[in-house]
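Q: Mind looking over this structure? Questions follow.
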Amino acid sequence: MQNLNLAYIQADLAWEDKAANLERFGQLLEQVRPDTDLILMPETFTTAFPVDPKQFAEKEDGPTMQWLKKQAQAKKAVIVTTFPLEVDGHYYNSLVWMRPDGSYEKYFKRHTFTMGGEDKLVERGEKQLIVELNGWRIRPMVCYDIRFPVWARNRYTDGQYEYDLAFYLANFPDSRMVVWNTLLVARAIENQAYWIGVNRVGEDANGLHYSGESQVINARGEVISKAEPYQENVLHCTLDYEKLARFRQKFPLGPDWDQFNINT
């Protein structure tokens, strides 16, 4: 299976200013290399977090979705981010997996951040998402999901792992970076998969500061790429599938994993 060329963008977010954020990310996307397969951007990239969805949520044919389609087509890569979306009269913090051909998948954030009041603004999702890209099976998740290991748990069935790569897109403040750094490594080790965390930098209207510390971790728990804290940056990393496969063969955790079901 071929390697996966990744770009991940660590950026400041303008508070409740869609136009400014779309312009800035358009500039940052110009730095993405032409051979990139997958581009990851932070959570709620058009508004910062959290915002009133009745004011900022869009429909699936809205301007942000059209912008993502245009960018994915121009970069010939999948682009993934989240923004407030209204679907059938319901509001979600919605992750969108946008392909270059304009088709897309959605994942609604499962664990809304109750301590920040997000649960009172948007509904929580009920379904996990697995997507495929160049033969890789990939599991997208969002921010507060990081604290819930059962929701992220990989599965092993009939000799196959459910996913090879998982990631969180986040607005994770610097006061909780110990949690961010620790749990990202733990998730990679316990699930025998590549793991990525993409976070924002800057300061929001609530006075929270964000150091970013976006990073890529291999299945051994080793950080193989990491952004400088407090700095905007576009980083590139190539994920090697053969290295992952060899590690899984040498240290096969999957057959010993517990079987489980999640009730939503």
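Residue names in the structure tokens use chain letters A, B, ... in the order shown, residue numbers from 1 in each chain, and ligand numbers from 1 in the order shown.
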Quick one: pick out all strand (DSSP E) residues within stretch 12-234 of chain A from a backbone DSSP run and write them as a PyMOL selection string.

A: chain A and resi 38-40+78-87+90-98+104-108+131-133+136-142+156-157+160-161+165-169+194-198+201-203+209-211+215-217+223-226+233-234

Q: Pull C-alpha atoms from the residues just selected and write them as a PDB file, in the first residue's frame.

A:
ATOM      1  CA  LEU A  38      -4.754  14.775   3.034  1.00  0.00           C
ATOM      2  CA  ILE A  39      -4.991  18.254   4.589  1.00  0.00           C
ATOM      3  CA  LEU A  40      -6.120  18.689   8.205  1.00  0.00           C
ATOM      4  CA  VAL A  78      -8.953  15.695   0.768  1.00  0.00           C
ATOM      5  CA  ILE A  79      -9.486  18.609   3.187  1.00  0.00           C
ATOM      6  CA  VAL A  80     -10.878  18.042   6.685  1.00  0.00           C
ATOM      7  CA  THR A  81     -12.076  20.567   9.250  1.00  0.00           C
ATOM      8  CA  THR A  82     -15.149  21.372  11.366  1.00  0.00           C
ATOM      9  CA  PHE A  83     -17.676  24.209  11.447  1.00  0.00           C
ATOM     10  CA  PRO A  84     -21.264  24.712  12.697  1.00  0.00           C
ATOM     11  CA  LEU A  85     -23.684  22.960  10.378  1.00  0.00           C
ATOM     12  CA  GLU A  86     -27.477  22.824  10.323  1.00  0.00           C
ATOM     13  CA  VAL A  87     -28.846  19.490   9.120  1.00  0.00           C
ATOM     14  CA  HIS A  90     -30.552  20.272  13.972  1.00  0.00           C
ATOM     15  CA  TYR A  91     -27.272  22.006  14.818  1.00  0.00           C
ATOM     16  CA  TYR A  92     -23.949  20.165  15.015  1.00  0.00           C
ATOM     17  CA  ASN A  93     -20.254  20.812  15.373  1.00  0.00           C
ATOM     18  CA  SER A  94     -19.732  19.001  12.099  1.00  0.00           C
ATOM     19  CA  LEU A  95     -16.505  17.573  10.773  1.00  0.00           C
ATOM     20  CA  VAL A  96     -16.469  17.553   6.975  1.00  0.00           C
ATOM     21  CA  TRP A  97     -14.256  15.215   4.929  1.00  0.00           C
ATOM     22  CA  MET A  98     -14.203  16.959   1.551  1.00  0.00           C
ATOM     23  CA  TYR A 104     -17.955  14.465   1.185  1.00  0.00           C
ATOM     24  CA  GLU A 105     -18.593  12.687   4.476  1.00  0.00           C
ATOM     25  CA  LYS A 106     -19.741  14.153   7.792  1.00  0.00           C
ATOM     26  CA  TYR A 107     -18.970  13.293  11.395  1.00  0.00           C
ATOM     27  CA  PHE A 108     -20.941  15.071  14.112  1.00  0.00           C
ATOM     28  CA  VAL A 131     -13.250   6.756   5.627  1.00  0.00           C
ATOM     29  CA  GLU A 132     -10.801   5.333   3.122  1.00  0.00           C
ATOM     30  CA  LEU A 133      -8.046   7.174   1.286  1.00  0.00           C
ATOM     31  CA  TRP A 136      -5.789   3.653   4.326  1.00  0.00           C
ATOM     32  CA  ARG A 137      -8.714   3.340   6.722  1.00  0.00           C
ATOM     33  CA  ILE A 138      -9.034   6.554   8.717  1.00  0.00           C
ATOM     34  CA  ARG A 139     -11.036   7.549  11.802  1.00  0.00           C
ATOM     35  CA  PRO A 140     -11.803  11.295  12.266  1.00  0.00           C
ATOM     36  CA  MET A 141     -12.800  12.782  15.651  1.00  0.00           C
ATOM     37  CA  VAL A 142     -13.053  16.189  17.311  1.00  0.00           C
ATOM     38  CA  TYR A 156      -9.530  -6.220  15.218  1.00  0.00           C
ATOM     39  CA  THR A 157     -11.752  -8.607  13.265  1.00  0.00           C
ATOM     40  CA  GLN A 160      -7.954  -6.818  10.022  1.00  0.00           C
ATOM     41  CA  TYR A 161      -7.641  -3.603  12.007  1.00  0.00           C
ATOM     42  CA  LEU A 165      -4.886   6.349  11.167  1.00  0.00           C
ATOM     43  CA  ALA A 166      -7.020   8.462  13.505  1.00  0.00           C
ATOM     44  CA  PHE A 167      -7.011  12.142  14.345  1.00  0.00           C
ATOM     45  CA  TYR A 168      -8.549  14.874  16.471  1.00  0.00           C
ATOM     46  CA  LEU A 169      -9.196  18.394  15.170  1.00  0.00           C
ATOM     47  CA  TYR A 194      -0.885   6.521  13.502  1.00  0.00           C
ATOM     48  CA  TRP A 195      -2.462   9.346  15.467  1.00  0.00           C
ATOM     49  CA  ILE A 196      -2.657  13.069  14.722  1.00  0.00           C
ATOM     50  CA  GLY A 197      -3.776  16.046  16.769  1.00  0.00           C
ATOM     51  CA  VAL A 198      -4.357  19.372  14.980  1.00  0.00           C
ATOM     52  CA  VAL A 201      -2.921  28.929  18.316  1.00  0.00           C
ATOM     53  CA  GLY A 202      -3.691  32.468  19.486  1.00  0.00           C
ATOM     54  CA  GLU A 203      -6.212  33.823  21.984  1.00  0.00           C
ATOM     55  CA  HIS A 209      -4.674  30.972  25.067  1.00  0.00           C
ATOM     56  CA  TYR A 210      -3.762  28.213  22.618  1.00  0.00           C
ATOM     57  CA  SER A 211      -0.257  26.881  22.106  1.00  0.00           C
ATOM     58  CA  GLN A 215       1.629  16.618  16.121  1.00  0.00           C
ATOM     59  CA  VAL A 216       1.843  13.252  14.388  1.00  0.00           C
ATOM     60  CA  ILE A 217       2.538  10.084  16.400  1.00  0.00           C
ATOM     61  CA  VAL A 223       6.218  11.813  17.928  1.00  0.00           C
ATOM     62  CA  ILE A 224       7.438  11.951  14.323  1.00  0.00           C
ATOM     63  CA  SER A 225       6.335  15.511  13.499  1.00  0.00           C
ATOM     64  CA  LYS A 226       5.340  18.423  15.731  1.00  0.00           C
ATOM     65  CA  ASN A 233       2.567  26.801  10.501  1.00  0.00           C
ATOM     66  CA  VAL A 234       1.837  24.411   7.652  1.00  0.00           C
TER      67      VAL A 234
END

Q: Can you list, as a list in words, every protein, DNA or RNA residue that comes within 7 Å of stretch 22-34 of chain A when you count only C-alpha atoms, leaving out same-chain residues fewer than 5 positions away?

A: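 Near neighbours after the sequence-gap exclusion: Ala7, Thr46, Lys75 and Val234 of chain A.
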
Q: What is the atom CA of A:Phe148-atom CA of A:Pro173 distance in Å, reported with one decimal?

A: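 Between atom CA of A:Phe148 and atom CA of A:Pro173 the gap works out to 17.8 Å.
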
Q: DSSP on the backbone: which residues in stretch 4-41 of chain A end up as helix (DSSP H, G or I)? Give the answer as a PDB file with C-alpha atoms, in the first residue's frame.

A:
ATOM      1  CA  LYS A  18     -15.822  33.870   8.770  1.00  0.00           C
ATOM      2  CA  ALA A  19     -14.476  36.131   6.048  1.00  0.00           C
ATOM      3  CA  ALA A  20     -11.164  36.727   7.818  1.00  0.00           C
ATOM      4  CA  ASN A  21     -10.692  33.043   8.594  1.00  0.00           C
ATOM      5  CA  LEU A  22     -11.491  31.890   5.073  1.00  0.00           C
ATOM      6  CA  GLU A  23      -9.046  34.430   3.676  1.00  0.00           C
ATOM      7  CA  ARG A  24      -6.312  33.355   6.103  1.00  0.00           C
ATOM      8  CA  PHE A  25      -6.751  29.651   5.470  1.00  0.00           C
ATOM      9  CA  GLY A  26      -6.785  30.309   1.758  1.00  0.00           C
ATOM     10  CA  GLN A  27      -3.340  31.871   2.167  1.00  0.00           C
ATOM     11  CA  LEU A  28      -2.080  29.004   4.315  1.00  0.00           C
ATOM     12  CA  LEU A  29      -3.329  26.412   1.850  1.00  0.00           C
TER      13      LEU A  29
END

Q: For each of A:Thr47, A:Asp145, A:Asn134, A:Val185, take the minimum atom-to-atom distance to A:Arg110, counting only C-alpha atoms, then give the residue where this is smallest.

A: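 Closest residue, counting only C-alpha atoms: A:Asp145.
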
Q: For a quick check of understanding, using only C-alpha atoms, which of A:Asp240, A:Asp174, A:Asp37, A:Asp158 has the smallest distance to A:Ser214?

A: A:Asp174

Q: Residues at most 8 Å from A:Lys69, counting only C-alpha atoms, excluding those fewer than 6 positions away in the same chain, as a ChimeraX atom specification?

A: /A:98-102

Q: Select from stretch 123-238 of chain A every residue with an atom at most 12 Å from any atom of stretch 112-118 of chain A, then for each give the shortest pair of atoms and their distance in Å to one decimal, using only C-alpha atoms, rows by chain and rising number, as a Markdown table.

A:
| residue | atom | partner | partner_atom | distance |
| --- | --- | --- | --- | --- |
| A:Glu123 | CA | A:Thr112 | CA | 7.6 |
| A:Arg124 | CA | A:Thr112 | CA | 5.9 |
| A:Gly125 | CA | A:Thr112 | CA | 8.6 |
| A:Glu126 | CA | A:Thr112 | CA | 11.4 |
| A:Met141 | CA | A:Thr112 | CA | 11.6 |
| A:Val142 | CA | A:Thr112 | CA | 9.1 |
| A:Cys143 | CA | A:Phe113 | CA | 8.7 |
| A:Tyr144 | CA | A:Phe113 | CA | 6.1 |
| A:Asp145 | CA | A:Thr112 | CA | 8.0 |
| A:Ile146 | CA | A:Phe113 | CA | 11.1 |
| A:Arg147 | CA | A:Phe113 | CA | 10.6 |
| A:Phe148 | CA | A:Thr112 | CA | 11.5 |
| A:Ala170 | CA | A:Phe113 | CA | 11.4 |
| A:Asn171 | CA | A:Phe113 | CA | 10.9 |
| A:Phe172 | CA | A:Phe113 | CA | 11.0 |
| A:Pro173 | CA | A:Gly116 | CA | 11.9 |
| A:Asn206 | CA | A:Gly116 | CA | 10.4 |
| A:Leu208 | CA | A:Gly116 | CA | 11.7 |

Q: Would you save the residues from that selection as a PDB file, in the first residue's frame, using N, CA, C and O atoms?

A:
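This is the output file selection-v8.pdb:
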ATOM      1  N   GLU A 123     -26.174  19.693  19.132  1.00  0.00           N
ATOM      2  CA  GLU A 123     -26.476  18.315  19.498  1.00  0.00           C
ATOM      3  C   GLU A 123     -25.229  17.446  19.332  1.00  0.00           C
ATOM      4  O   GLU A 123     -24.334  17.763  18.539  1.00  0.00           O
ATOM      5  N   ARG A 124     -25.191  16.359  20.061  1.00  0.00           N
ATOM      6  CA  ARG A 124     -24.059  15.447  19.929  1.00  0.00           C
ATOM      7  C   ARG A 124     -24.339  14.394  18.872  1.00  0.00           C
ATOM      8  O   ARG A 124     -25.481  13.990  18.642  1.00  0.00           O
ATOM      9  N   GLY A 125     -23.290  13.952  18.226  1.00  0.00           N
ATOM     10  CA  GLY A 125     -23.432  12.931  17.202  1.00  0.00           C
ATOM     11  C   GLY A 125     -23.613  11.556  17.811  1.00  0.00           C
ATOM     12  O   GLY A 125     -23.291  11.319  18.972  1.00  0.00           O
ATOM     13  N   GLU A 126     -24.089  10.633  16.987  1.00  0.00           N
ATOM     14  CA  GLU A 126     -24.362   9.280  17.457  1.00  0.00           C
ATOM     15  C   GLU A 126     -23.592   8.213  16.682  1.00  0.00           C
ATOM     16  O   GLU A 126     -23.638   7.044  17.043  1.00  0.00           O
ATOM     17  N   MET A 141     -12.094  12.394  14.429  1.00  0.00           N
ATOM     18  CA  MET A 141     -12.800  12.782  15.651  1.00  0.00           C
ATOM     19  C   MET A 141     -12.484  14.239  15.971  1.00  0.00           C
ATOM     20  O   MET A 141     -11.667  14.868  15.304  1.00  0.00           O
ATOM     21  N   VAL A 142     -13.129  14.758  17.032  1.00  0.00           N
ATOM     22  CA  VAL A 142     -13.053  16.189  17.311  1.00  0.00           C
ATOM     23  C   VAL A 142     -12.762  16.444  18.798  1.00  0.00           C
ATOM     24  O   VAL A 142     -13.470  15.945  19.669  1.00  0.00           O
ATOM     25  N   CYS A 143     -11.723  17.181  19.069  1.00  0.00           N
ATOM     26  CA  CYS A 143     -11.369  17.826  20.334  1.00  0.00           C
ATOM     27  C   CYS A 143     -11.704  17.025  21.594  1.00  0.00           C
ATOM     28  O   CYS A 143     -10.969  16.124  21.980  1.00  0.00           O
ATOM     29  N   TYR A 144     -12.826  17.335  22.251  1.00  0.00           N
ATOM     30  CA  TYR A 144     -13.195  16.737  23.542  1.00  0.00           C
ATOM     31  C   TYR A 144     -13.353  15.216  23.448  1.00  0.00           C
ATOM     32  O   TYR A 144     -13.267  14.515  24.457  1.00  0.00           O
ATOM     33  N   ASP A 145     -13.536  14.689  22.239  1.00  0.00           N
ATOM     34  CA  ASP A 145     -13.554  13.239  22.047  1.00  0.00           C
ATOM     35  C   ASP A 145     -12.291  12.582  22.597  1.00  0.00           C
ATOM     36  O   ASP A 145     -12.305  11.390  22.927  1.00  0.00           O
ATOM     37  N   ILE A 146     -11.204  13.329  22.697  1.00  0.00           N
ATOM     38  CA  ILE A 146      -9.921  12.778  23.115  1.00  0.00           C
ATOM     39  C   ILE A 146      -9.976  12.161  24.509  1.00  0.00           C
ATOM     40  O   ILE A 146      -9.212  11.252  24.829  1.00  0.00           O
ATOM     41  N   ARG A 147     -10.894  12.631  25.349  1.00  0.00           N
ATOM     42  CA  ARG A 147     -10.956  12.160  26.734  1.00  0.00           C
ATOM     43  C   ARG A 147     -11.775  10.876  26.900  1.00  0.00           C
ATOM     44  O   ARG A 147     -11.935  10.397  28.023  1.00  0.00           O
ATOM     45  N   PHE A 148     -12.250  10.324  25.813  1.00  0.00           N
ATOM     46  CA  PHE A 148     -13.149   9.179  25.890  1.00  0.00           C
ATOM     47  C   PHE A 148     -12.584   8.023  25.062  1.00  0.00           C
ATOM     48  O   PHE A 148     -12.901   7.867  23.887  1.00  0.00           O
ATOM     49  N   ALA A 170      -8.978  20.209  16.827  1.00  0.00           N
ATOM     50  CA  ALA A 170      -9.266  20.730  18.159  1.00  0.00           C
ATOM     51  C   ALA A 170      -9.119  22.234  18.287  1.00  0.00           C
ATOM     52  O   ALA A 170      -8.470  22.898  17.476  1.00  0.00           O
ATOM     53  N   ASN A 171      -9.762  22.747  19.347  1.00  0.00           N
ATOM     54  CA  ASN A 171      -9.472  24.040  19.982  1.00  0.00           C
ATOM     55  C   ASN A 171      -9.148  23.699  21.429  1.00  0.00           C
ATOM     56  O   ASN A 171     -10.020  23.728  22.304  1.00  0.00           O
ATOM     57  N   PHE A 172      -7.921  23.343  21.709  1.00  0.00           N
ATOM     58  CA  PHE A 172      -7.507  22.793  23.002  1.00  0.00           C
ATOM     59  C   PHE A 172      -6.576  23.795  23.674  1.00  0.00           C
ATOM     60  O   PHE A 172      -5.456  24.010  23.215  1.00  0.00           O
ATOM     61  N   PRO A 173      -7.007  24.451  24.772  1.00  0.00           N
ATOM     62  CA  PRO A 173      -6.223  25.543  25.363  1.00  0.00           C
ATOM     63  C   PRO A 173      -4.926  25.077  26.008  1.00  0.00           C
ATOM     64  O   PRO A 173      -4.788  23.927  26.422  1.00  0.00           O
ATOM     65  N   ASN A 206     -12.786  34.568  24.981  1.00  0.00           N
ATOM     66  CA  ASN A 206     -12.969  34.182  26.378  1.00  0.00           C
ATOM     67  C   ASN A 206     -11.685  34.297  27.191  1.00  0.00           C
ATOM     68  O   ASN A 206     -11.667  33.937  28.368  1.00  0.00           O
ATOM     69  N   LEU A 208      -8.891  32.649  26.594  1.00  0.00           N
ATOM     70  CA  LEU A 208      -8.117  31.411  26.588  1.00  0.00           C
ATOM     71  C   LEU A 208      -6.982  31.518  25.562  1.00  0.00           C
ATOM     72  O   LEU A 208      -7.167  32.050  24.464  1.00  0.00           O
TER      73      LEU A 208
END

Q: Which of these residues is nearest to A:Leu121, using only C-alpha atoms: A:His236, A:Arg220, A:Lys54, A:Lys243?

A: A:Lys54

Q: So, with only C-alpha atoms as the atoms that count, which of A:Gln2, A:Asn154, A:Ser103, A:Ser175 lies closest to A:Gln128?

A: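 With only C-alpha atoms as the atom set, the closest residue is A:Asn154.
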
Q: Hey, can you check how far atom CA of A:Met41 sits from atom CA of A:Glu228?

A: 15.7 Å

Q: Rank A:Ile9, A:Asp17, A:Lys76, A:Leu184 by their smallest atom-to-atom distance to A:Ala205, using only C-alpha atoms, and report the top residue only.

A: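 Smallest separation from A:Ala205 among the options: A:Asp17.
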